[in-house]
Amino acid sequence: MSLMLVFEQILNGIQFGVMLFLMAAGLTLVFGVMGLINLAHGSLYMIGAFAAAAVANATGSFLLALAASLGVAAAAGALVEFLVIRRLYNRDHLDQVLATFALILIFSEGTRWLFGSFPLYLDIPDYLKGAVILPGGLQYPLYRLTIILIGLLVAIALYLLIAKTKIGVRIRAGENDREMIAALGVDISKLYTAVFAIGAALAGLAGALVGAVQSVQVGMGEPVLILAFVVIVIGGIGSIKGAFIGALLVGLTEKLGSILLLALLSSFLEPAQAKSIAMMFSSMLIYILMAVVLVVKPSGLYGRRV
Amino acid sequence: MDKAILQVKDVCKSFAGLRASYNISLELYPGEIHALIGPNGAGKSTLIKQISGELRADSGSVYFGNKNISGLSAAKRAHLGLARTFQISSLAMEDTVLQNVMLGALGSRGNVFRFFGPVLHDKELLDRANDALARVGLDQQAAVCTAELSHGQRRQLEVAVALTLQPKAFVMDEPMAGLGGSGSRQLTSLLDKLREEAPILLVEHDMDAVFALADRISVLVYGEVIATGSVDEIRGNLEVQRAYLGEEQ
Amino acid sequence: MSRERQINIALVIVLLTVPLWAWIKDEPFTLTLCTRMAILALAGVGLNIALGLGGLVSFGHAVFFGLGGYTMGILASHAQTYSPLMESPFLIEGTKSMPIIWLIATAVSALVAFLIGALSLRTSGVYFIMITLAFGQMFYYFAISWPAYGGEDGLSIYVRNGFPGLNTLDPVQYMVLTYALLGIALWFFSRLANSSFGLTLNAARQSPGRVQAVGIRPFKVQLFAIVISAAITGLAGALFADLNRFVSPTMFSWQTSGEIMIFVILGGVGRLFGPVAGAALFVFLEHQLGGLSEFWHIYLGLILLGVVLFARGGIVGTLAESGLKRG
């Protein structure tokens, strides 16, 4: 195992983590403020990716595609919040899980109906192609570095939004006491729609960014959704900070876990055997991580006791 | 005086540096109603939870009979005969009144792990449950869904469930909370009769009820017991008046 | 007779008449659909114990469904190649006998449920939903990356396993077998719901603090509920694998967990015949809508959404309307 490989995997882990953070931020905000568990968040990720692919194919502009992913996902989010989600705020988690599971079915099949079953492709623009040589001599794809950068910028922007702005004050108030915020005279249903749309936009952006390296297809959202849930559960539901730390933990576990596990097993097993066992368990590592965190801290790392 | 049934010794508890209980000691003797009063936030509920086992004290101990129960779970303590009622009714709202008292009877008898026999045909449990309902005056409501009971009836049901445990002592957290005049009087006379069966540690805000019922009163302020004594002693205690009664009346 | 009881009886009559008609008309495909319905309903009856009676929203019941399936797959595949599962320290051979497979499937599911339940019950609320989901994903990925039994491609069993005295390859005989097991499970559920255990479990769902205050640890009761629940769902998994003569990691997937949940909710949470009504509707829609449109999941989604938003209590609950009473 070379040090360079580890370094590269760390960057990959951060890139993956940052992308998960874009997904997880919306989920955790929606849970923290409205108490809603939203399985359909993965559909918004998919919608963002499809919107970006469609716009990129029509105009050839990657920036317009990203803008479309944000806009369309936010609009879809606001619409679905208005039509369905707001009826679920006062329901128990079971109802929320089922209703949003139903939304997944509708969104997925609806997208398949509109775009067909074949994957679409979204290309990385020329100016983001190629590799950068990092200190130490590692060549790393520029596009992946860009994702890391965008993710960090979003994290900072979210931090500022919540810590410094008026809407942030309302969000924090809403997390602590829903009745108080209504008493403050804030139009709570508008606030909820706004929070939901922000979360949706971030999910859409993540979908578009990832769509450029993988293919854009129906069903792309659910695996990411589940990982995003793992992230917010590890971080503590409702906590943006927890989501950020959780996302990096999960990202690094995913990318580094298998090579570390292999190195560990190789120290006392034959190479072939070590490799097959490492293969078997590496895909489970994230879930093992989550189970361990929950067993030790039943409300996640930064969660409040619920 | 007889030996104390329940004894709290030097109990301390703090949350994140905030002192909720500080060196609290008190006793509950057979046949008495010992009222625990104090302003909001004095730490009454925290103390109750440490006695019933929902919270563990940081230091100090709780004795029940001759046994140190400080390390036991709430369920074990209940099983030993320490019955508590809740400030906010925590009944199974979808179940009938009878099912709620049956649960109490079942808990005190043990062997919950029966999967086949219909529990509502269990004669022994039924007798115990109906008996408890009759004593609080809810026997006519046995088949009613708990959610349909009035607030006062729910308070009575709370007491009935505690009765089914055939307890050696009661710990009651504001049983009168939210009751109107007649409801409160009714419950007062019920508790008055209960003390013969098992002594009651009574946390209560309703001063009429406290003065009518209590044999002894302890006053809790900022997590400390500032005075313990008979009703008259407490009424005459200047420190208590300053700290508490003065602001209330 | 209560409204719910009338509905249950009507449901039983329909679900018995349809296969009878299919048998007389010689329509093996309809018989297979009925078998599928019965098996899925059985999985739902299992979940209904944890979810309906216990209020434990397990989003990981696919674990047990899959374990049942793989128990069947592994035992039968060894039997069909005449190679033992292991030779030391003692010999374990495969088997093609359903009763033995069922026994092992329920035992394995129960054992795993004990471990998963003990860990998961440390959490509650959303965290419980998520940790059970995580366990499901663990098994899913393990099944995919474990090459010994087909990995991602799954495992085919060529001949359906046998049951003493029956020809299980005859659709009607296998159907009768699954109906019988479903019947037993329903009987068990109704006894359980009204037993001491059921009363306590029900109370632990509504007010855990109360249960503790009468001297019972809710944890024990809930853990036991998960174990029983898993055993039944595991049995359904073994039957499902035998119906298809195929097992694959899909049985462990979170969509499978979601679907088992759907049967319970569509039909009516905590109601005796809820999972039966739910599974029947699911299989009916899958067949009817699947024939009409490639995109039948849209309609399933809309129906599910409608039930959650407007018909709380599911089909049985809504029809029974009067029903405050459960079971």
# chains A, B, ... in the order shown; residues from 1 in each chain; ligands from 1
call {"tool": "residues_around", "arguments": {"residues": "segment 260-266 of chain C", "least_positions_apart": "3", "cutoff": "6 Å", "atoms": "only C-alpha atoms", "output": "PyMOL selection string"}}
result
chain C and resi 44+257+269+274-275+278-279+314
call {"tool": "write_last_selection", "arguments": {"atoms": "C-alpha atoms", "output": "JSON list (two decimals), in the first residue's frame"}}
result
[["chain", "number", "residue", "atom", "x", "y", "z"],
["C", 44, "GLY", "CA", -46.72, -8.95, 6.92],
["C", 257, "SER", "CA", -38.47, -3.94, 3.78],
["C", 269, "VAL", "CA", -51.63, -1.43, 11.20],
["C", 274, "GLY", "CA", -54.48, -5.93, 7.89],
["C", 275, "PRO", "CA", -51.49, -7.65, 6.26],
["C", 278, "GLY", "CA", -52.71, -5.32, 2.14],
["C", 279, "ALA", "CA", -50.92, -8.22, 0.45],
["C", 314, "GLY", "CA", -55.73, 1.21, 6.07]]
call {"tool": "interface_residues", "arguments": {"of": "chain C", "to": "chain A", "cutoff": "9 Å", "atoms": "only C-alpha atoms", "output": "PDB file with N, CA and C atoms, in the first residue's frame"}}
result
ATOM      1  N   VAL C  57     -41.131   0.529  14.514  1.00  0.00           N
ATOM      2  CA  VAL C  57     -41.095   0.716  13.074  1.00  0.00           C
ATOM      3  C   VAL C  57     -39.789   0.148  12.530  1.00  0.00           C
ATOM      4  N   LEU C 119     -29.490  -4.575  20.015  1.00  0.00           N
ATOM      5  CA  LEU C 119     -28.727  -3.364  19.698  1.00  0.00           C
ATOM      6  C   LEU C 119     -29.660  -2.216  19.312  1.00  0.00           C
ATOM      7  N   SER C 120     -30.645  -2.511  18.454  1.00  0.00           N
ATOM      8  CA  SER C 120     -31.504  -1.450  17.925  1.00  0.00           C
ATOM      9  C   SER C 120     -32.367  -0.814  19.007  1.00  0.00           C
ATOM     10  N   ARG C 122     -31.712   0.060  21.789  1.00  0.00           N
ATOM     11  CA  ARG C 122     -31.051   1.135  22.536  1.00  0.00           C
ATOM     12  C   ARG C 122     -31.503   2.493  22.015  1.00  0.00           C
ATOM     13  N   THR C 123     -31.958   2.511  20.770  1.00  0.00           N
ATOM     14  CA  THR C 123     -32.399   3.762  20.169  1.00  0.00           C
ATOM     15  C   THR C 123     -33.917   3.786  20.131  1.00  0.00           C
ATOM     16  N   SER C 124     -34.464   4.929  19.720  1.00  0.00           N
ATOM     17  CA  SER C 124     -35.913   4.971  19.538  1.00  0.00           C
ATOM     18  C   SER C 124     -36.238   5.980  18.441  1.00  0.00           C
ATOM     19  N   GLY C 125     -37.498   6.041  18.075  1.00  0.00           N
ATOM     20  CA  GLY C 125     -37.938   7.017  17.076  1.00  0.00           C
ATOM     21  C   GLY C 125     -37.263   6.827  15.731  1.00  0.00           C
ATOM     22  N   VAL C 126     -36.861   7.938  15.136  1.00  0.00           N
ATOM     23  CA  VAL C 126     -36.239   7.880  13.822  1.00  0.00           C
ATOM     24  C   VAL C 126     -34.961   7.055  13.854  1.00  0.00           C
ATOM     25  N   TYR C 127     -34.246   7.144  14.954  1.00  0.00           N
ATOM     26  CA  TYR C 127     -32.990   6.407  15.033  1.00  0.00           C
ATOM     27  C   TYR C 127     -33.242   4.903  14.941  1.00  0.00           C
ATOM     28  N   PHE C 128     -34.342   4.466  15.524  1.00  0.00           N
ATOM     29  CA  PHE C 128     -34.681   3.042  15.441  1.00  0.00           C
ATOM     30  C   PHE C 128     -34.972   2.653  13.992  1.00  0.00           C
ATOM     31  N   ILE C 129     -35.735   3.493  13.302  1.00  0.00           N
ATOM     32  CA  ILE C 129     -36.036   3.222  11.897  1.00  0.00           C
ATOM     33  C   ILE C 129     -34.731   3.094  11.114  1.00  0.00           C
ATOM     34  N   MET C 130     -33.819   4.023  11.384  1.00  0.00           N
ATOM     35  CA  MET C 130     -32.591   4.079  10.604  1.00  0.00           C
ATOM     36  C   MET C 130     -31.618   2.957  10.946  1.00  0.00           C
ATOM     37  N   ILE C 131     -31.544   2.587  12.215  1.00  0.00           N
ATOM     38  CA  ILE C 131     -30.582   1.531  12.557  1.00  0.00           C
ATOM     39  C   ILE C 131     -31.075   0.195  12.001  1.00  0.00           C
ATOM     40  N   THR C 132     -32.378  -0.017  11.981  1.00  0.00           N
ATOM     41  CA  THR C 132     -32.867  -1.264  11.399  1.00  0.00           C
ATOM     42  C   THR C 132     -32.625  -1.258   9.883  1.00  0.00           C
ATOM     43  N   LEU C 133     -32.774  -0.088   9.281  1.00  0.00           N
ATOM     44  CA  LEU C 133     -32.451   0.040   7.854  1.00  0.00           C
ATOM     45  C   LEU C 133     -30.977  -0.293   7.612  1.00  0.00           C
ATOM     46  N   ALA C 134     -30.124   0.199   8.506  1.00  0.00           N
ATOM     47  CA  ALA C 134     -28.691  -0.041   8.337  1.00  0.00           C
ATOM     48  C   ALA C 134     -28.368  -1.530   8.431  1.00  0.00           C
ATOM     49  N   PHE C 135     -29.017  -2.219   9.355  1.00  0.00           N
ATOM     50  CA  PHE C 135     -28.774  -3.658   9.445  1.00  0.00           C
ATOM     51  C   PHE C 135     -29.223  -4.346   8.154  1.00  0.00           C
ATOM     52  N   GLN C 137     -29.201  -3.068   5.173  1.00  0.00           N
ATOM     53  CA  GLN C 137     -28.194  -2.798   4.145  1.00  0.00           C
ATOM     54  C   GLN C 137     -26.944  -3.667   4.347  1.00  0.00           C
ATOM     55  N   MET C 138     -26.572  -3.871   5.611  1.00  0.00           N
ATOM     56  CA  MET C 138     -25.416  -4.729   5.902  1.00  0.00           C
ATOM     57  C   MET C 138     -25.618  -6.103   5.282  1.00  0.00           C
ATOM     58  N   PHE C 139     -26.774  -6.684   5.520  1.00  0.00           N
ATOM     59  CA  PHE C 139     -27.027  -8.021   4.989  1.00  0.00           C
ATOM     60  C   PHE C 139     -27.101  -8.004   3.473  1.00  0.00           C
ATOM     61  N   TYR C 140     -27.697  -6.940   2.948  1.00  0.00           N
ATOM     62  CA  TYR C 140     -27.817  -6.818   1.496  1.00  0.00           C
ATOM     63  C   TYR C 140     -26.437  -6.826   0.837  1.00  0.00           C
ATOM     64  N   TYR C 141     -25.559  -5.975   1.345  1.00  0.00           N
ATOM     65  CA  TYR C 141     -24.237  -5.900   0.732  1.00  0.00           C
ATOM     66  C   TYR C 141     -23.426  -7.154   0.988  1.00  0.00           C
ATOM     67  N   PHE C 142     -23.659  -7.753   2.143  1.00  0.00           N
ATOM     68  CA  PHE C 142     -22.957  -9.014   2.412  1.00  0.00           C
ATOM     69  C   PHE C 142     -23.385 -10.071   1.391  1.00  0.00           C
ATOM     70  N   ALA C 143     -24.688 -10.162   1.156  1.00  0.00           N
ATOM     71  CA  ALA C 143     -25.183 -11.170   0.205  1.00  0.00           C
ATOM     72  C   ALA C 143     -24.642 -10.909  -1.188  1.00  0.00           C
ATOM     73  N   ILE C 144     -24.517  -9.645  -1.556  1.00  0.00           N
ATOM     74  CA  ILE C 144     -23.992  -9.316  -2.883  1.00  0.00           C
ATOM     75  C   ILE C 144     -22.531  -9.720  -3.013  1.00  0.00           C
ATOM     76  N   SER C 145     -21.767  -9.482  -1.949  1.00  0.00           N
ATOM     77  CA  SER C 145     -20.327  -9.693  -2.111  1.00  0.00           C
ATOM     78  C   SER C 145     -19.858 -11.039  -1.580  1.00  0.00           C
ATOM     79  N   TRP C 146     -20.794 -11.897  -1.210  1.00  0.00           N
ATOM     80  CA  TRP C 146     -20.409 -13.239  -0.742  1.00  0.00           C
ATOM     81  C   TRP C 146     -20.540 -14.188  -1.927  1.00  0.00           C
ATOM     82  N   PRO C 147     -19.424 -14.584  -2.505  1.00  0.00           N
ATOM     83  CA  PRO C 147     -19.502 -15.324  -3.769  1.00  0.00           C
ATOM     84  C   PRO C 147     -20.006 -16.766  -3.631  1.00  0.00           C
ATOM     85  N   GLY C 258     -39.505  -2.066   2.667  1.00  0.00           N
ATOM     86  CA  GLY C 258     -40.572  -1.097   2.423  1.00  0.00           C
ATOM     87  C   GLY C 258     -41.854  -1.781   1.984  1.00  0.00           C
ATOM     88  N   MET C 261     -43.670  -3.461   4.751  1.00  0.00           N
ATOM     89  CA  MET C 261     -44.336  -2.420   5.514  1.00  0.00           C
ATOM     90  C   MET C 261     -45.618  -1.976   4.810  1.00  0.00           C
ATOM     91  N   ILE C 262     -45.545  -1.878   3.492  1.00  0.00           N
ATOM     92  CA  ILE C 262     -46.712  -1.440   2.721  1.00  0.00           C
ATOM     93  C   ILE C 262     -47.892  -2.385   2.932  1.00  0.00           C
ATOM     94  N   ILE C 265     -49.439  -1.508   6.227  1.00  0.00           N
ATOM     95  CA  ILE C 265     -50.085  -0.196   6.301  1.00  0.00           C
ATOM     96  C   ILE C 265     -51.311  -0.132   5.393  1.00  0.00           C
ATOM     97  N   GLU C 294     -46.736  -0.268 -18.067  1.00  0.00           N
ATOM     98  CA  GLU C 294     -45.384  -0.574 -17.634  1.00  0.00           C
ATOM     99  C   GLU C 294     -45.058   0.190 -16.358  1.00  0.00           C
ATOM    100  N   PHE C 295     -45.716   1.313 -16.192  1.00  0.00           N
ATOM    101  CA  PHE C 295     -45.370   2.213 -15.099  1.00  0.00           C
ATOM    102  C   PHE C 295     -46.344   2.070 -13.928  1.00  0.00           C
ATOM    103  N   TRP C 296     -46.709   0.839 -13.630  1.00  0.00           N
ATOM    104  CA  TRP C 296     -47.750   0.644 -12.622  1.00  0.00           C
ATOM    105  C   TRP C 296     -47.353   1.137 -11.237  1.00  0.00           C
ATOM    106  N   HIS C 297     -46.055   1.280 -11.007  1.00  0.00           N
ATOM    107  CA  HIS C 297     -45.629   1.755  -9.684  1.00  0.00           C
ATOM    108  C   HIS C 297     -46.133   3.171  -9.392  1.00  0.00           C
ATOM    109  N   ILE C 298     -46.383   3.949 -10.459  1.00  0.00           N
ATOM    110  CA  ILE C 298     -46.960   5.283 -10.246  1.00  0.00           C
ATOM    111  C   ILE C 298     -48.311   5.142  -9.554  1.00  0.00           C
ATOM    112  N   TYR C 299     -49.123   4.229 -10.075  1.00  0.00           N
ATOM    113  CA  TYR C 299     -50.450   4.054  -9.486  1.00  0.00           C
ATOM    114  C   TYR C 299     -50.349   3.502  -8.070  1.00  0.00           C
ATOM    115  N   LEU C 300     -49.432   2.568  -7.884  1.00  0.00           N
ATOM    116  CA  LEU C 300     -49.233   2.028  -6.543  1.00  0.00           C
ATOM    117  C   LEU C 300     -48.862   3.162  -5.597  1.00  0.00           C
ATOM    118  N   GLY C 301     -47.949   4.023  -6.071  1.00  0.00           N
ATOM    119  CA  GLY C 301     -47.530   5.162  -5.255  1.00  0.00           C
ATOM    120  C   GLY C 301     -48.697   6.062  -4.913  1.00  0.00           C
ATOM    121  N   LEU C 302     -49.536   6.355  -5.917  1.00  0.00           N
ATOM    122  CA  LEU C 302     -50.680   7.245  -5.672  1.00  0.00           C
ATOM    123  C   LEU C 302     -51.658   6.628  -4.675  1.00  0.00           C
ATOM    124  N   ILE C 303     -51.899   5.324  -4.833  1.00  0.00           N
ATOM    125  CA  ILE C 303     -52.821   4.657  -3.915  1.00  0.00           C
ATOM    126  C   ILE C 303     -52.269   4.677  -2.491  1.00  0.00           C
ATOM    127  N   LEU C 304     -50.989   4.368  -2.392  1.00  0.00           N
ATOM    128  CA  LEU C 304     -50.348   4.347  -1.079  1.00  0.00           C
ATOM    129  C   LEU C 304     -50.426   5.726  -0.430  1.00  0.00           C
ATOM    130  N   LEU C 305     -50.125   6.747  -1.241  1.00  0.00           N
ATOM    131  CA  LEU C 305     -50.179   8.113  -0.746  1.00  0.00           C
ATOM    132  C   LEU C 305     -51.584   8.451  -0.274  1.00  0.00           C
ATOM    133  N   GLY C 306     -52.565   8.039  -1.074  1.00  0.00           N
ATOM    134  CA  GLY C 306     -53.955   8.299  -0.712  1.00  0.00           C
ATOM    135  C   GLY C 306     -54.315   7.632   0.605  1.00  0.00           C
ATOM    136  N   VAL C 307     -53.879   6.392   0.772  1.00  0.00           N
ATOM    137  CA  VAL C 307     -54.210   5.669   2.007  1.00  0.00           C
ATOM    138  C   VAL C 307     -53.567   6.361   3.205  1.00  0.00           C
ATOM    139  N   VAL C 308     -52.281   6.743   3.061  1.00  0.00           N
ATOM    140  CA  VAL C 308     -51.604   7.363   4.205  1.00  0.00           C
ATOM    141  C   VAL C 308     -52.246   8.704   4.550  1.00  0.00           C
ATOM    142  N   LEU C 309     -52.568   9.501   3.501  1.00  0.00           N
ATOM    143  CA  LEU C 309     -53.077  10.846   3.768  1.00  0.00           C
ATOM    144  C   LEU C 309     -54.545  10.841   4.193  1.00  0.00           C
ATOM    145  N   ARG C 312     -56.450   6.760   7.049  1.00  0.00           N
ATOM    146  CA  ARG C 312     -55.614   6.226   8.127  1.00  0.00           C
ATOM    147  C   ARG C 312     -56.309   5.008   8.707  1.00  0.00           C
TER     148      ARG C 312
END
call {"tool": "closest_atom_pairs", "arguments": {"of": "chain B", "to": "chain C", "cutoff": "10 Å", "atoms": "only C-alpha atoms", "output": "JSON lines"}}
result
{"residue": "B:Ser52", "atom": "CA", "partner": "C:Ala213", "partner_atom": "CA", "distance": 8.1}
{"residue": "B:Gly53", "atom": "CA", "partner": "C:Ala213", "partner_atom": "CA", "distance": 9.3}
{"residue": "B:Glu54", "atom": "CA", "partner": "C:Gly209", "partner_atom": "CA", "distance": 8.8}
{"residue": "B:Ser73", "atom": "CA", "partner": "C:Arg217", "partner_atom": "CA", "distance": 8.6}
{"residue": "B:Ala74", "atom": "CA", "partner": "C:Gln212", "partner_atom": "CA", "distance": 6.2}
{"residue": "B:Ala75", "atom": "CA", "partner": "C:Gly215", "partner_atom": "CA", "distance": 3.8}
{"residue": "B:Lys76", "atom": "CA", "partner": "C:Gly215", "partner_atom": "CA", "distance": 5.8}
{"residue": "B:Arg77", "atom": "CA", "partner": "C:Gly215", "partner_atom": "CA", "distance": 7.1}
{"residue": "B:Ala78", "atom": "CA", "partner": "C:Gly215", "partner_atom": "CA", "distance": 4.6}
{"residue": "B:His79", "atom": "CA", "partner": "C:Gly215", "partner_atom": "CA", "distance": 4.7}
{"residue": "B:Leu80", "atom": "CA", "partner": "C:Gly215", "partner_atom": "CA", "distance": 8.3}
{"residue": "B:Gly81", "atom": "CA", "partner": "C:Gly215", "partner_atom": "CA", "distance": 8.9}
{"residue": "B:Leu82", "atom": "CA", "partner": "C:Ala213", "partner_atom": "CA", "distance": 8.8}
{"residue": "B:Ala83", "atom": "CA", "partner": "C:Ala213", "partner_atom": "CA", "distance": 7.0}
{"residue": "B:Arg84", "atom": "CA", "partner": "C:Ala213", "partner_atom": "CA", "distance": 6.7}
{"residue": "B:Thr85", "atom": "CA", "partner": "C:Ala213", "partner_atom": "CA", "distance": 8.2}
{"residue": "B:Phe86", "atom": "CA", "partner": "C:Arg210", "partner_atom": "CA", "distance": 8.6}
{"residue": "B:Ser89", "atom": "CA", "partner": "C:Arg210", "partner_atom": "CA", "distance": 9.2}
{"residue": "B:Ser90", "atom": "CA", "partner": "C:Arg210", "partner_atom": "CA", "distance": 6.0}
{"residue": "B:Leu91", "atom": "CA", "partner": "C:Ser207", "partner_atom": "CA", "distance": 6.4}
{"residue": "B:Ala92", "atom": "CA", "partner": "C:Gln206", "partner_atom": "CA", "distance": 5.3}
{"residue": "B:Met93", "atom": "CA", "partner": "C:Gln206", "partner_atom": "CA", "distance": 7.1}
{"residue": "B:Glu94", "atom": "CA", "partner": "C:Leu324", "partner_atom": "CA", "distance": 7.6}
{"residue": "B:Asp95", "atom": "CA", "partner": "C:Ala203", "partner_atom": "CA", "distance": 8.0}
{"residue": "B:Thr96", "atom": "CA", "partner": "C:Lys325", "partner_atom": "CA", "distance": 9.1}
{"residue": "B:Gln99", "atom": "CA", "partner": "C:Leu199", "partner_atom": "CA", "distance": 7.4}
{"residue": "B:Asn100", "atom": "CA", "partner": "C:Ala203", "partner_atom": "CA", "distance": 8.1}
{"residue": "B:Val101", "atom": "CA", "partner": "C:Val214", "partner_atom": "CA", "distance": 9.9}
{"residue": "B:Met102", "atom": "CA", "partner": "C:Leu199", "partner_atom": "CA", "distance": 8.5}
{"residue": "B:Leu103", "atom": "CA", "partner": "C:Thr200", "partner_atom": "CA", "distance": 6.5}
{"residue": "B:Gly104", "atom": "CA", "partner": "C:Val214", "partner_atom": "CA", "distance": 5.3}
{"residue": "B:Ala105", "atom": "CA", "partner": "C:Val214", "partner_atom": "CA", "distance": 8.1}
{"residue": "B:Leu106", "atom": "CA", "partner": "C:Ser196", "partner_atom": "CA", "distance": 7.4}
{"residue": "B:Gly107", "atom": "CA", "partner": "C:Val214", "partner_atom": "CA", "distance": 5.1}
{"residue": "B:Ser108", "atom": "CA", "partner": "C:Gly215", "partner_atom": "CA", "distance": 6.5}
{"residue": "B:Arg109", "atom": "CA", "partner": "C:Gly215", "partner_atom": "CA", "distance": 9.4}
{"residue": "B:Gly110", "atom": "CA", "partner": "C:Ile216", "partner_atom": "CA", "distance": 8.0}
{"residue": "B:Asn111", "atom": "CA", "partner": "C:Ser196", "partner_atom": "CA", "distance": 8.4}
{"residue": "B:Val112", "atom": "CA", "partner": "C:Phe197", "partner_atom": "CA", "distance": 5.4}
{"residue": "B:Phe113", "atom": "CA", "partner": "C:Phe197", "partner_atom": "CA", "distance": 5.4}
{"residue": "B:Arg114", "atom": "CA", "partner": "C:Ser196", "partner_atom": "CA", "distance": 5.6}
{"residue": "B:Phe115", "atom": "CA", "partner": "C:Leu192", "partner_atom": "CA", "distance": 5.1}
{"residue": "B:Phe116", "atom": "CA", "partner": "C:Arg191", "partner_atom": "CA", "distance": 5.2}
{"residue": "B:Gly117", "atom": "CA", "partner": "C:Ser195", "partner_atom": "CA", "distance": 5.4}
{"residue": "B:Pro118", "atom": "CA", "partner": "C:Ser195", "partner_atom": "CA", "distance": 4.6}
{"residue": "B:Val119", "atom": "CA", "partner": "C:Ser195", "partner_atom": "CA", "distance": 4.8}
{"residue": "B:Leu120", "atom": "CA", "partner": "C:Asn194", "partner_atom": "CA", "distance": 7.6}
{"residue": "B:His121", "atom": "CA", "partner": "C:Ser195", "partner_atom": "CA", "distance": 9.4}
{"residue": "B:Asp122", "atom": "CA", "partner": "C:Ser196", "partner_atom": "CA", "distance": 9.2}
{"residue": "B:Cys145", "atom": "CA", "partner": "C:Leu324", "partner_atom": "CA", "distance": 8.3}
{"residue": "B:Glu158", "atom": "CA", "partner": "C:Arg210", "partner_atom": "CA", "distance": 9.7}
{"residue": "B:Val161", "atom": "CA", "partner": "C:Val214", "partner_atom": "CA", "distance": 8.0}
{"residue": "B:Ala162", "atom": "CA", "partner": "C:Val214", "partner_atom": "CA", "distance": 7.6}
{"residue": "B:Thr164", "atom": "CA", "partner": "C:Val214", "partner_atom": "CA", "distance": 8.8}
{"residue": "B:Leu165", "atom": "CA", "partner": "C:Val214", "partner_atom": "CA", "distance": 6.8}
call {"tool": "select_by_dssp", "arguments": {"residues": "segment 242-300 of chain A", "states": "helix (DSSP H, G or I)", "output": "PyMOL selection string"}}
result
chain A and resi 242-266+271-282+285-296
call {"tool": "atom_distance", "arguments": {"atom1": "atom CA of Ser77 of chain C", "atom2": "atom CA of Phe65 of chain C"}}
result
18.2 Å
call {"tool": "atom_distance", "arguments": {"atom1": "atom CA of Leu16 of chain C", "atom2": "atom CA of Leu169 of chain C"}}
result
20.1 Å
call {"tool": "residues_around", "arguments": {"residues": "Glu197 of chain B", "least_positions_apart": "3", "cutoff": "12 Å", "atoms": "only C-alpha atoms", "output": "ChimeraX atom specification"}}
result
/B:29-33,163,166-170,190-194,200
call {"tool": "write_last_selection", "arguments": {"atoms": "C-alpha atoms", "output": "PDB file, in the first residue's frame"}}
result
ATOM      1  CA  TYR B  29     -43.026   6.174  57.863  1.00  0.00           C
ATOM      2  CA  PRO B  30     -45.862   3.646  57.930  1.00  0.00           C
ATOM      3  CA  GLY B  31     -49.303   5.181  58.023  1.00  0.00           C
ATOM      4  CA  GLU B  32     -48.298   8.701  57.090  1.00  0.00           C
ATOM      5  CA  ILE B  33     -48.694  11.074  54.229  1.00  0.00           C
ATOM      6  CA  LEU B 163     -53.225   0.245  43.737  1.00  0.00           C
ATOM      7  CA  GLN B 166     -50.358  -3.857  46.133  1.00  0.00           C
ATOM      8  CA  PRO B 167     -47.669  -1.394  47.074  1.00  0.00           C
ATOM      9  CA  LYS B 168     -45.815  -0.948  50.334  1.00  0.00           C
ATOM     10  CA  ALA B 169     -45.447   2.759  49.568  1.00  0.00           C
ATOM     11  CA  PHE B 170     -46.821   5.286  47.085  1.00  0.00           C
ATOM     12  CA  LEU B 190     -59.422   8.705  48.602  1.00  0.00           C
ATOM     13  CA  LEU B 191     -55.794   9.421  49.511  1.00  0.00           C
ATOM     14  CA  ASP B 192     -56.841  10.021  53.080  1.00  0.00           C
ATOM     15  CA  LYS B 193     -58.065   6.430  53.288  1.00  0.00           C
ATOM     16  CA  LEU B 194     -55.074   5.042  51.426  1.00  0.00           C
ATOM     17  CA  ILE B 200     -47.677   8.193  50.568  1.00  0.00           C
TER      18      ILE B 200
END
call {"tool": "residues_around", "arguments": {"residues": "Tyr45 of chain A", "least_positions_apart": "5", "cutoff": "9 Å", "atoms": "only C-alpha atoms", "output": "list in words"}}
result
Met23, Phe50, Ser69, Ala73, Ala200, Ala201, Leu202, Ala203, Gly204, Leu205, Ala206, Gly207, Ala208, Met220, Gly221, Val224 and Leu225 of chain A
call {"tool": "select_by_dssp", "arguments": {"residues": "segment 1-248 of chain B", "states": "strand (DSSP E)", "output": "number ranges by chain"}}
result
B: 6-15, 18-28, 33-37, 59-64, 67-68, 82-85, 169-173, 200-203, 216-221, 224-229
call {"tool": "closest_residue", "arguments": {"among": "B:Arg242, B:Leu18, B:Gln153, B:Leu47", "to": "Ile226 of chain B", "atoms": "only C-alpha atoms"}}
result
B:Arg242
